[in-house]
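Text of final.txt, listed as compact mmCIF, C-alpha atoms:
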# COMPACT_ATOMS: atom_id res chain seq x y z
CA MET V 8 137.00 -122.95 -5.76
CA LYS V 9 137.45 -126.70 -5.84
CA ARG V 10 135.58 -127.10 -2.53
CA ALA V 11 132.79 -124.78 -3.68
CA ARG V 12 132.40 -126.77 -6.91
CA GLN V 13 132.19 -130.05 -4.98
CA LYS V 14 129.56 -128.58 -2.66
CA ALA V 15 127.48 -127.46 -5.63
CA VAL V 16 127.65 -130.94 -7.12
CA VAL V 17 126.47 -132.54 -3.85
CA GLU V 18 123.59 -130.08 -3.53
CA ASN V 19 122.52 -130.76 -7.09
CA GLU V 20 122.61 -134.51 -6.55
CA ALA V 21 120.70 -134.52 -3.26
CA PRO V 22 117.23 -134.00 -4.77
CA GLN V 23 117.87 -136.73 -7.30
CA THR V 24 118.77 -139.16 -4.52
CA SER V 25 115.65 -138.20 -2.56
CA GLN V 26 113.48 -138.63 -5.65
CA LYS V 27 115.03 -142.02 -6.32
CA SER V 28 114.37 -143.08 -2.71
CA LYS V 29 110.72 -142.08 -2.99
CA LYS V 30 110.39 -143.99 -6.21
CA GLN V 31 111.93 -147.08 -4.63
CA LYS V 32 109.49 -146.87 -1.68
CA THR V 33 106.54 -146.50 -4.03
CA CYS V 34 107.68 -149.53 -5.97
CA LEU V 35 108.10 -151.45 -2.74
CA TYR V 36 104.55 -150.64 -1.55
CA GLY V 37 103.22 -151.40 -4.99
CA SER V 38 104.92 -154.80 -5.02
CA VAL V 39 103.54 -155.75 -1.61
CA PHE V 40 100.02 -154.36 -1.73
CA GLY V 41 99.51 -153.74 -5.43
CA GLU V 42 99.37 -150.18 -6.62
CA SER V 43 95.67 -150.32 -7.43
CA ASN V 44 94.84 -151.71 -3.96
CA LEU V 45 96.76 -148.90 -2.33
CA HIS V 46 94.61 -146.29 -4.04
CA ALA V 47 91.46 -148.29 -3.32
CA SER V 48 92.27 -148.47 0.38
CA MET V 49 92.26 -144.68 0.50
CA ASP V 50 88.70 -144.61 -0.89
CA TRP V 51 86.49 -145.24 2.15
CA GLY V 52 83.41 -145.47 -0.02
CA SER V 53 84.88 -148.50 -1.79
CA LEU V 54 85.33 -150.61 1.34
CA PRO V 55 83.60 -153.99 1.11
CA HIS V 56 79.99 -154.04 2.26
CA HIS V 57 80.60 -156.42 5.20
CA VAL V 58 83.52 -154.30 6.46
CA ILE V 59 81.43 -151.12 6.62
CA LEU V 60 78.63 -153.04 8.33
CA ARG V 61 81.10 -154.33 10.91
CA ILE V 62 82.40 -150.82 11.56
CA PHE V 63 78.86 -149.57 12.17
CA GLN V 64 78.17 -152.40 14.62
CA PHE V 65 81.04 -151.24 16.85
CA LEU V 66 80.16 -147.54 16.75
CA PRO V 67 78.01 -145.82 19.41
CA LEU V 68 74.68 -144.81 17.95
CA VAL V 69 75.43 -141.08 17.55
CA ASP V 70 78.78 -141.81 15.87
CA ARG V 71 77.06 -144.36 13.65
CA ALA V 72 74.60 -141.70 12.52
CA ARG V 73 77.44 -139.25 11.78
CA ALA V 74 79.32 -141.91 9.84
CA SER V 75 76.27 -142.42 7.65
CA SER V 76 76.86 -138.94 6.18
CA VAL V 77 80.28 -139.90 4.75
CA CYS V 78 78.76 -140.86 1.42
CA ARG V 79 75.60 -142.24 -0.18
CA ARG V 80 76.80 -145.84 0.10
CA TRP V 81 77.49 -145.53 3.82
CA ASN V 82 74.05 -144.01 4.30
CA GLU V 83 72.48 -146.96 2.49
CA ILE V 84 74.35 -149.43 4.74
CA PHE V 85 73.29 -147.38 7.80
CA HIS V 86 69.70 -148.40 7.01
CA ILE V 87 70.32 -152.09 6.35
CA PRO V 88 67.80 -154.10 8.47
CA ASP V 89 70.49 -156.35 10.00
CA LEU V 90 72.04 -153.31 11.65
CA TRP V 91 68.85 -152.62 13.60
CA ARG V 92 68.03 -156.07 14.96
CA ARG V 93 69.54 -155.02 18.33
CA PHE V 94 68.90 -151.57 19.71
CA GLU V 95 69.17 -149.92 23.12
CA PHE V 96 67.24 -146.73 23.71
CA GLU V 97 69.07 -144.57 26.29
CA LEU V 98 66.73 -141.96 27.70
CA SER V 99 67.73 -139.44 30.35
CA GLN V 100 67.50 -135.87 31.52
CA PRO V 101 70.95 -134.27 30.95
CA ALA V 102 70.93 -132.39 34.25
CA THR V 103 70.25 -135.47 36.40
CA SER V 104 71.90 -138.44 34.71
CA TYR V 105 75.25 -139.79 33.58
CA LEU V 106 73.62 -141.60 30.63
CA LYS V 107 74.39 -140.42 27.12
CA SER V 108 70.86 -139.98 25.89
CA THR V 109 69.77 -141.05 22.41
CA HIS V 110 68.79 -137.96 20.37
CA PRO V 111 64.97 -137.72 19.96
CA ASP V 112 65.17 -136.97 16.21
CA LEU V 113 67.34 -140.05 15.69
CA ILE V 114 64.84 -142.18 17.63
CA GLN V 115 62.02 -140.98 15.42
CA GLN V 116 64.04 -141.79 12.31
CA ILE V 117 64.78 -145.30 13.59
CA ILE V 118 61.14 -145.99 14.50
CA LYS V 119 59.91 -144.67 11.15
CA ARG V 120 62.24 -146.82 9.07
CA HIS V 121 63.13 -149.78 11.27
CA ALA V 122 60.30 -150.61 13.69
CA ASP V 123 59.63 -153.84 11.80
CA HIS V 124 63.33 -154.79 11.94
CA LEU V 125 63.77 -154.40 15.72
CA GLN V 126 64.06 -157.78 17.44
CA TYR V 127 66.22 -157.33 20.56
CA VAL V 128 65.23 -154.09 22.27
CA SER V 129 66.04 -152.58 25.65
CA PHE V 130 65.24 -149.25 27.26
CA LYS V 131 67.70 -147.80 29.76
CA VAL V 132 66.32 -144.83 31.69
CA ASP V 133 67.43 -142.74 34.63
CA SER V 134 65.32 -142.02 37.72
CA SER V 135 63.32 -139.17 36.17
CA THR V 136 59.66 -139.57 35.33
CA GLU V 137 60.25 -137.71 32.04
CA SER V 138 62.61 -140.44 30.81
CA ALA V 139 60.21 -143.23 31.73
CA GLU V 140 57.34 -141.36 30.03
CA ALA V 141 59.50 -141.02 26.90
CA ALA V 142 60.14 -144.77 26.92
CA CYS V 143 56.38 -145.43 27.08
CA ASP V 144 55.80 -143.03 24.19
CA ILE V 145 58.33 -144.95 22.06
CA LEU V 146 56.77 -148.30 22.98
CA SER V 147 53.40 -146.95 21.88
CA GLN V 148 54.80 -146.30 18.40
CA LEU V 149 56.07 -149.84 17.79
CA VAL V 150 52.95 -150.95 15.94
CA ASN V 151 54.82 -152.82 13.19
CA CYS V 152 57.34 -154.54 15.41
CA SER V 153 58.51 -158.14 15.56
CA ILE V 154 60.35 -157.92 18.88
CA LYS V 155 61.73 -161.12 20.41
CA THR V 156 63.34 -159.73 23.59
CA LEU V 157 62.29 -156.67 25.57
CA GLY V 158 64.06 -155.17 28.57
CA LEU V 159 63.09 -152.16 30.67
CA ILE V 160 66.06 -151.10 32.79
CA SER V 161 66.04 -148.34 35.41
CA THR V 162 69.43 -147.14 36.60
CA ALA V 163 67.75 -145.81 39.76
CA LYS V 164 64.32 -145.80 41.37
CA PRO V 165 61.51 -144.77 41.05
CA SER V 166 61.56 -144.25 37.25
CA PHE V 167 58.81 -146.43 35.69
CA MET V 168 56.95 -146.66 39.00
CA ASN V 169 56.14 -142.95 38.70
CA VAL V 170 54.43 -143.45 35.34
CA SER V 171 50.66 -143.87 35.50
CA LYS V 172 49.64 -147.53 35.39
CA ALA V 173 47.23 -146.84 32.51
CA HIS V 174 49.92 -145.20 30.35
CA PHE V 175 52.44 -147.95 31.03
CA ALA V 176 49.96 -150.77 30.40
CA SER V 177 48.74 -149.15 27.19
CA ALA V 178 52.31 -148.84 25.86
CA LEU V 179 53.16 -152.45 26.69
CA THR V 180 49.95 -153.67 25.14
CA VAL V 181 51.04 -152.25 21.77
CA VAL V 182 54.19 -154.39 21.84
CA PHE V 183 52.48 -157.48 23.27
CA VAL V 184 49.74 -157.40 20.62
CA ASN V 185 51.91 -156.58 17.60
CA SER V 186 55.07 -158.61 18.17
CA LYS V 187 53.48 -162.09 18.57
CA SER V 188 56.96 -163.61 18.92
CA LEU V 189 58.23 -162.42 22.30
CA SER V 190 60.56 -164.97 23.86
CA SER V 191 62.31 -162.97 26.62
CA ILE V 192 60.97 -160.16 28.82
CA LYS V 193 62.72 -158.38 31.70
CA ILE V 194 60.47 -155.83 33.37
CA ASP V 195 61.57 -155.00 36.93
CA ASP V 196 60.25 -152.17 39.13
CA THR V 197 57.34 -151.32 36.85
CA PRO V 198 53.55 -150.87 37.18
CA LEU V 199 52.92 -154.03 35.15
CA ASP V 200 49.52 -155.53 36.04
CA ASP V 201 47.48 -158.72 35.55
CA PRO V 202 45.49 -157.51 32.48
CA SER V 203 48.80 -156.72 30.73
CA LEU V 204 50.03 -160.24 31.44
CA LYS V 205 46.82 -161.68 29.98
CA VAL V 206 47.43 -159.71 26.77
CA LEU V 207 51.01 -161.00 26.71
CA VAL V 208 49.86 -164.59 27.09
CA ALA V 209 47.06 -164.27 24.53
CA ASN V 210 49.51 -163.17 21.83
CA ASN V 211 52.83 -164.81 22.74
CA SER V 212 52.07 -168.01 24.69
CA ASP V 213 53.82 -170.24 22.13
CA THR V 214 57.08 -168.27 22.11
CA LEU V 215 57.62 -166.95 25.66
CA LYS V 216 60.60 -168.67 27.33
CA LEU V 217 61.91 -166.14 29.87
CA LEU V 218 59.98 -163.78 32.13
CA LYS V 219 61.67 -161.61 34.78
CA MET V 220 59.35 -159.31 36.66
CA SER V 221 60.60 -158.64 40.19
CA SER V 222 59.16 -155.71 42.16
CA CYS V 223 55.96 -155.38 40.17
CA PRO V 224 53.43 -154.69 42.96
CA HIS V 225 50.37 -154.64 40.69
CA VAL V 226 50.90 -158.26 39.60
CA SER V 227 49.01 -160.82 41.71
CA PRO V 228 49.55 -164.57 42.09
CA ALA V 229 46.57 -165.03 39.74
CA GLY V 230 48.38 -163.07 37.03
CA ILE V 231 51.53 -165.17 37.13
CA LEU V 232 49.42 -168.32 37.39
CA CYS V 233 47.83 -167.32 34.08
CA VAL V 234 51.32 -167.20 32.55
CA ALA V 235 52.20 -170.60 34.02
CA ASP V 236 48.98 -172.16 32.72
CA GLN V 237 49.33 -170.89 29.15
CA CYS V 238 53.08 -170.52 28.38
CA HIS V 239 54.06 -174.18 28.14
CA GLY V 240 57.55 -173.44 26.81
CA LEU V 241 58.58 -171.22 29.75
CA LYS V 242 62.20 -171.94 30.74
CA GLU V 243 63.14 -169.12 33.13
CA LEU V 244 61.02 -167.23 35.63
CA ALA V 245 61.96 -164.49 38.11
CA LEU V 246 59.47 -163.05 40.59
CA ASN V 247 58.96 -161.78 44.11
CA TYR V 248 58.26 -164.28 46.86
CA TYR V 249 54.80 -162.85 47.57
CA ILE V 250 53.71 -164.16 44.14
CA LEU V 251 55.11 -167.65 44.73
CA SER V 252 52.45 -170.14 45.85
CA ASP V 253 51.72 -173.84 46.08
CA GLU V 254 49.26 -173.43 43.18
CA LEU V 255 51.93 -171.84 40.97
CA LEU V 256 54.48 -174.60 41.65
CA LEU V 257 51.87 -177.27 40.92
CA ALA V 258 50.87 -175.50 37.70
CA LEU V 259 54.52 -175.48 36.59
CA SER V 260 54.70 -179.19 37.45
CA SER V 261 51.92 -180.29 35.10
CA GLU V 262 52.71 -182.58 32.16
CA LYS V 263 51.98 -179.91 29.55
CA HIS V 264 54.94 -177.81 30.74
CA VAL V 265 58.53 -178.24 29.58
CA ASP V 266 61.16 -178.50 32.30
CA LEU V 267 61.83 -175.13 33.91
CA GLU V 268 65.57 -174.40 33.99
CA HIS V 269 65.76 -171.38 36.32
CA LEU V 270 63.42 -170.05 39.00
CA ARG V 271 64.64 -166.89 40.73
CA ILE V 272 62.82 -165.67 43.84
CA ASP V 273 63.48 -162.29 45.48
CA VAL V 274 62.50 -162.22 49.17
CA VAL V 275 62.49 -158.55 50.09
CA SER V 276 61.29 -156.57 53.10
CA GLU V 277 61.55 -152.81 53.42
CA ASN V 278 59.59 -152.47 56.68
CA PRO V 279 60.59 -155.02 59.36
CA GLY V 280 57.70 -156.64 61.16
CA GLN V 281 55.04 -155.42 58.72
CA VAL V 282 55.19 -158.34 56.28
CA GLN V 283 54.04 -161.84 57.20
CA PHE V 284 55.76 -164.32 54.88
CA HIS V 285 53.85 -167.45 53.93
CA THR V 286 55.28 -170.97 53.80
CA ILE V 287 55.45 -173.17 50.70
CA LYS V 288 54.55 -176.80 51.36
CA LYS V 289 57.15 -179.52 50.91
CA GLN V 290 54.75 -181.47 48.67
CA SER V 291 54.60 -178.56 46.23
CA TRP V 292 58.40 -178.27 46.07
CA ASP V 293 58.68 -182.04 45.59
CA ALA V 294 56.22 -182.05 42.68
CA PHE V 295 58.04 -179.14 41.04
CA VAL V 296 61.49 -180.75 41.27
CA LYS V 297 60.15 -184.13 40.16
CA HIS V 298 58.86 -182.47 36.99
CA SER V 299 62.03 -180.34 36.46
CA PRO V 300 64.82 -182.31 38.19
CA LYS V 301 67.66 -180.08 36.91
CA VAL V 302 66.03 -176.76 37.75
CA ASN V 303 68.13 -174.09 39.49
CA ILE V 304 66.14 -172.45 42.28
CA VAL V 305 67.82 -169.17 43.21
CA MET V 306 66.71 -167.17 46.25
CA TYR V 307 67.89 -163.65 47.14
CA PHE V 308 67.07 -162.63 50.72
CA PHE V 309 66.91 -159.03 51.89
CA LEU V 310 65.18 -159.58 55.26
CA TYR V 311 65.75 -158.72 58.87
CA GLU V 312 66.59 -161.56 61.27
CA GLU V 313 63.14 -161.65 62.86
CA GLU V 314 61.48 -162.20 59.46
CA PHE V 315 63.09 -165.56 58.56
CA ASP V 316 60.74 -167.73 60.59
CA ALA V 317 58.73 -169.03 57.62
CA PHE V 318 61.74 -170.35 55.69
CA PHE V 319 63.63 -173.67 55.59
CA ARG V 320 61.66 -175.38 58.36
CA GLU V 321 61.17 -178.28 55.93
CA GLU V 322 63.31 -179.60 53.12
CA THR V 323 63.57 -176.97 50.38
CA PRO V 324 65.17 -177.70 46.99
CA VAL V 325 66.97 -174.34 46.69
CA THR V 326 70.28 -174.45 44.77
CA HIS V 327 71.63 -170.89 45.15
CA LEU V 328 71.22 -168.76 48.28
CA TYR V 329 72.26 -165.13 48.71
CA PHE V 330 71.72 -163.25 51.97
CA GLY V 331 72.07 -159.49 51.49
CA ARG V 332 71.52 -158.71 55.18
CA ALA V 333 72.49 -160.40 58.44
CA VAL V 334 71.24 -163.94 58.92
CA SER V 335 71.19 -165.80 62.24
CA LYS V 336 73.11 -168.93 63.26
CA ALA V 337 69.78 -170.71 63.66
CA MET V 338 68.83 -169.98 60.03
CA LEU V 339 72.20 -171.24 58.76
CA GLY V 340 71.65 -174.35 60.85
CA ARG V 341 68.31 -174.93 59.12
CA ILE V 342 69.98 -174.55 55.74
CA GLY V 343 72.46 -177.27 56.65
CA MET V 344 69.60 -179.57 57.61
CA ASN V 345 67.03 -178.83 54.90
CA CYS V 346 68.78 -177.72 51.68
CA PRO V 347 70.39 -180.87 50.23
CA ARG V 348 70.49 -179.47 46.65
CA LEU V 349 72.48 -176.36 47.65
CA ILE V 350 75.22 -175.42 45.16
CA GLU V 351 76.15 -171.87 46.19
CA LEU V 352 75.86 -169.98 49.47
CA VAL V 353 76.75 -166.31 50.05
CA VAL V 354 76.32 -164.75 53.49
CA CYS V 355 76.78 -160.99 53.68
CA ALA V 356 76.77 -160.81 57.48
CA ASN V 357 76.05 -162.87 60.58
CA GLY V 358 77.40 -161.45 63.80
CA LEU V 359 80.12 -162.20 66.33
CA GLN V 360 79.40 -165.87 67.02
CA PRO V 361 81.62 -168.42 65.21
CA LEU V 362 79.79 -170.43 62.55
CA ASP V 363 81.95 -173.58 62.81
CA ASP V 364 79.12 -176.02 63.58
CA GLU V 365 76.82 -174.56 60.95
CA LEU V 366 79.45 -174.74 58.19
CA ILE V 367 80.39 -178.31 59.07
CA ARG V 368 76.72 -179.34 58.96
CA ILE V 369 76.38 -177.69 55.54
CA ALA V 370 79.47 -179.58 54.32
CA GLU V 371 78.00 -182.86 55.61
CA ARG V 372 74.51 -182.50 54.17
CA CYS V 373 74.97 -180.32 51.05
CA LYS V 374 76.91 -182.70 48.82
CA ASN V 375 76.53 -180.45 45.74
CA LEU V 376 78.04 -177.33 47.34
CA THR V 377 80.70 -175.87 45.04
CA ALA V 378 80.73 -172.15 45.95
CA MET V 379 80.88 -170.31 49.28
CA GLY V 380 81.21 -166.64 50.20
CA LEU V 381 81.34 -165.14 53.70
CA GLY V 382 81.35 -161.43 54.51
CA GLU V 383 80.98 -159.99 58.02
CA CYS V 384 81.00 -163.32 59.88
CA GLU V 385 83.35 -165.24 62.18
CA VAL V 386 84.80 -168.73 61.78
CA THR V 387 87.72 -170.27 63.66
CA CYS V 388 90.65 -171.41 61.54
CA ARG V 389 90.19 -174.96 62.85
CA GLY V 390 86.49 -175.00 61.95
CA PHE V 391 87.14 -173.50 58.52
CA ILE V 392 89.78 -176.10 57.68
CA GLU V 393 87.43 -178.88 58.77
CA PHE V 394 84.74 -177.44 56.46
CA VAL V 395 87.16 -177.29 53.51
CA LYS V 396 88.47 -180.80 54.23
CA MET V 397 84.93 -182.20 54.08
CA CYS V 398 84.08 -180.38 50.84
CA GLY V 399 87.43 -181.03 49.17
CA GLY V 400 88.19 -180.14 45.57
CA ARG V 401 84.53 -179.63 44.63
CA LEU V 402 84.76 -176.11 46.11
CA THR V 403 85.53 -174.28 42.88
CA GLN V 404 84.80 -170.85 44.40
CA LEU V 405 85.75 -169.91 47.95
CA SER V 406 85.65 -166.23 48.85
CA ILE V 407 86.35 -165.57 52.54
CA MET V 408 87.49 -162.25 53.94
CA GLU V 409 90.62 -162.45 56.09
CA GLU V 410 88.76 -160.64 58.88
CA VAL V 411 86.31 -163.57 59.09
CA LEU V 412 88.96 -166.08 60.19
CA ILE V 413 89.87 -166.32 63.88
CA PRO V 414 93.36 -167.76 64.56
CA ASP V 415 93.52 -170.45 67.24
CA SER V 416 96.12 -172.58 69.00
CA ASP V 417 96.33 -175.01 66.06
CA TYR V 418 96.39 -172.70 63.06
CA SER V 419 97.69 -169.26 62.27
CA LEU V 420 96.58 -167.41 59.13
CA ASP V 421 99.88 -168.26 57.43
CA ARG V 422 99.49 -171.95 58.08
CA LEU V 423 95.79 -171.84 57.23
CA HIS V 424 96.26 -170.85 53.60
CA LEU V 425 98.70 -173.75 53.07
CA GLU V 426 96.35 -176.25 54.67
CA VAL V 427 93.32 -175.01 52.74
CA SER V 428 95.31 -175.02 49.48
CA LYS V 429 96.24 -178.65 50.09
CA HIS V 430 92.62 -179.77 50.48
CA LEU V 431 91.37 -177.69 47.53
CA GLY V 432 94.12 -178.94 45.23
CA ARG V 433 95.07 -175.39 44.21
CA MET V 434 96.67 -172.30 45.72
CA TRP V 435 94.23 -170.34 47.88
CA PHE V 436 94.46 -167.16 49.97
CA PRO V 437 91.75 -165.35 51.95
CA ASP V 438 90.43 -162.15 50.37
CA MET V 439 91.89 -158.89 51.61
CA MET V 440 89.75 -155.90 52.51
CA PRO V 441 90.76 -153.03 50.19
CA THR V 442 92.52 -150.07 51.80
CA TRP V 443 90.91 -146.74 50.93

Translate the structure of the given file into structure tokens.
Amino acid sequence: MKRARQKAVVENEAPQTSQKSKKQKTCLYGSVFGESNLHASMDWGSLPHHVILRIFQFLPLVDRARASSVCRRWNEIFHIPDLWRRFEFELSQPATSYLKSTHPDLIQQIIKRHADHLQYVSFKVDSSTESAEAACDILSQLVNCSIKTLGLISTAKPSFMNVSKAHFASALTVVFVNSKSLSSIKIDDTPLDDPSLKVLVANNSDTLKLLKMSSCPHVSPAGILCVADQCHGLKELALNYYILSDELLLALSSEKHVDLEHLRIDVVSENPGQVQFHTIKKQSWDAFVKHSPKVNIVMYFFLYEEEFDAFFREETPVTHLYFGRAVSKAMLGRIGMNCPRLIELVVCANGLQPLDDELIRIAERCKNLTAMGLGECEVTCRGFIEFVKMCGGRLTQLSIMEEVLIPDSDYSLDRLHLEVSKHLGRMWFPDMMPTW
């Protein structure tokens, strides 16, 4: 009986203890956060305006739209103009693309309410013609826009190139005419043409600073020359080599132009032997660099060995060189002799002949070289160490595959990394080919 009575007392006291504990915890939370703040934090609609705006900025577009249905206040913030300054339209066909396409109804809602707020706009489309056509249809609706940057990005070819030139040009014209404040345009692999560029220049010549338009076969040298003549604030330009000319370089060298900061040139050949590449005169390069002495001239080469004849026979002020296909020893020798401004060199492939002499000549003549990458090439360990010794600590990037280096009687691979590290002033190892 005594034990039973004690048990009953304990059972009766247990809830009181639990209740007391809960009360203590509540008091503790209230003392730290404030009881009113605790309840407020549970009310999502009462979050500060800037917090909700920040949440929306991190949400993917579809989730952002769903979040706008939480309450009236969230829906109001969903339509704040600042939230729509940057926008990326993702357009794809679900059966053929990995892209998460933007819902058409949502696009229409955004255009209807926020066309005049859009400032930084890009279109990402898959390879289907339907997606590219949809992008053109959206561009055609931006009649009240004030766009500053425009990018047309294809995740795979042909995309925009399958759209009729008339439809594409008409859609771009809407943006070019109505924005009047475009500063940056990236339009690669598109049917852009000379008349479209003239419309661009007529309406945005005072604001355009960056123009990237590689692989636009309907643009002629005359079209890009029109841009160079009228857009005096142009800072960055990217184009295919067939558009580059002595006249264009001289136009960019005139007193009315600001200093160009970046000139990117893509030298591409799909059909070996069918393209005859022209040569740019040394005098034109000299005038261009004299006008813009700090300009970076970046050249990407995708040629076959027999197509390099027109390049680097005279001094060329290129600063960054990338060879996506095999390049001959003779061409690398010309680079060492005629590219004194070279800062970065990347060679995808060369062959089975050691490049010792060519690298040493580059180290001797290219005093600004700070980055080097070698892929399927061959260099003796002795020649490589001599190259590094001549360049010294200014080589901030050195990416060499282990397979490139040929051990010799003086240096093994183990000793090589110690010797190279000593001359670079930091620990260095050759890159390892990944094992699949």

Counting only C-alpha atoms, which residues come within 6 Å of (58.7, -180.4, 52.2), with the point read in the file's coordinates, and could you list them as a tab-separated table (two decimals) with C-alpha atoms, in the frame of the given file?
chain	number	residue	atom	x	y	z
V	288	LYS	CA	54.55	-176.80	51.36
V	289	LYS	CA	57.15	-179.52	50.91
V	290	GLN	CA	54.75	-181.47	48.67
V	321	GLU	CA	61.17	-178.28	55.93
V	322	GLU	CA	63.31	-179.60	53.12

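Distances here use only C-alpha atoms; by that measure, the residue among V:Leu207, V:Val132, V:Ala294, V:Cys233 closest to V:Asp253 is V:Ala294.
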
**Request:** Tell me, as a PyMOL selection string, which residues lie within 9 Å of stretch 338-350 of chain V, counting only C-alpha atoms; anything in the same chain fewer than 6 positions away does not count.
**Result:** chain V and resi 312+315-316+318-328+362+364-379

**Prompt:** Between atom CA of V:Phe167 and atom CA of V:Asn151, what is the spacing in Å?
**Reply:** 23.7 Å

**Fill in**
Closest of V:Leu90, V:Ile84, V:Asn357, V:Arg79 to V:Gln64, counting all atoms listed in the file, is V:Leu90

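Residue nearest V:Ala229, chosen from V:Gln115, V:Thr180, V:Thr162, V:Ser252 and counting all atoms listed in the file: V:Ser252.
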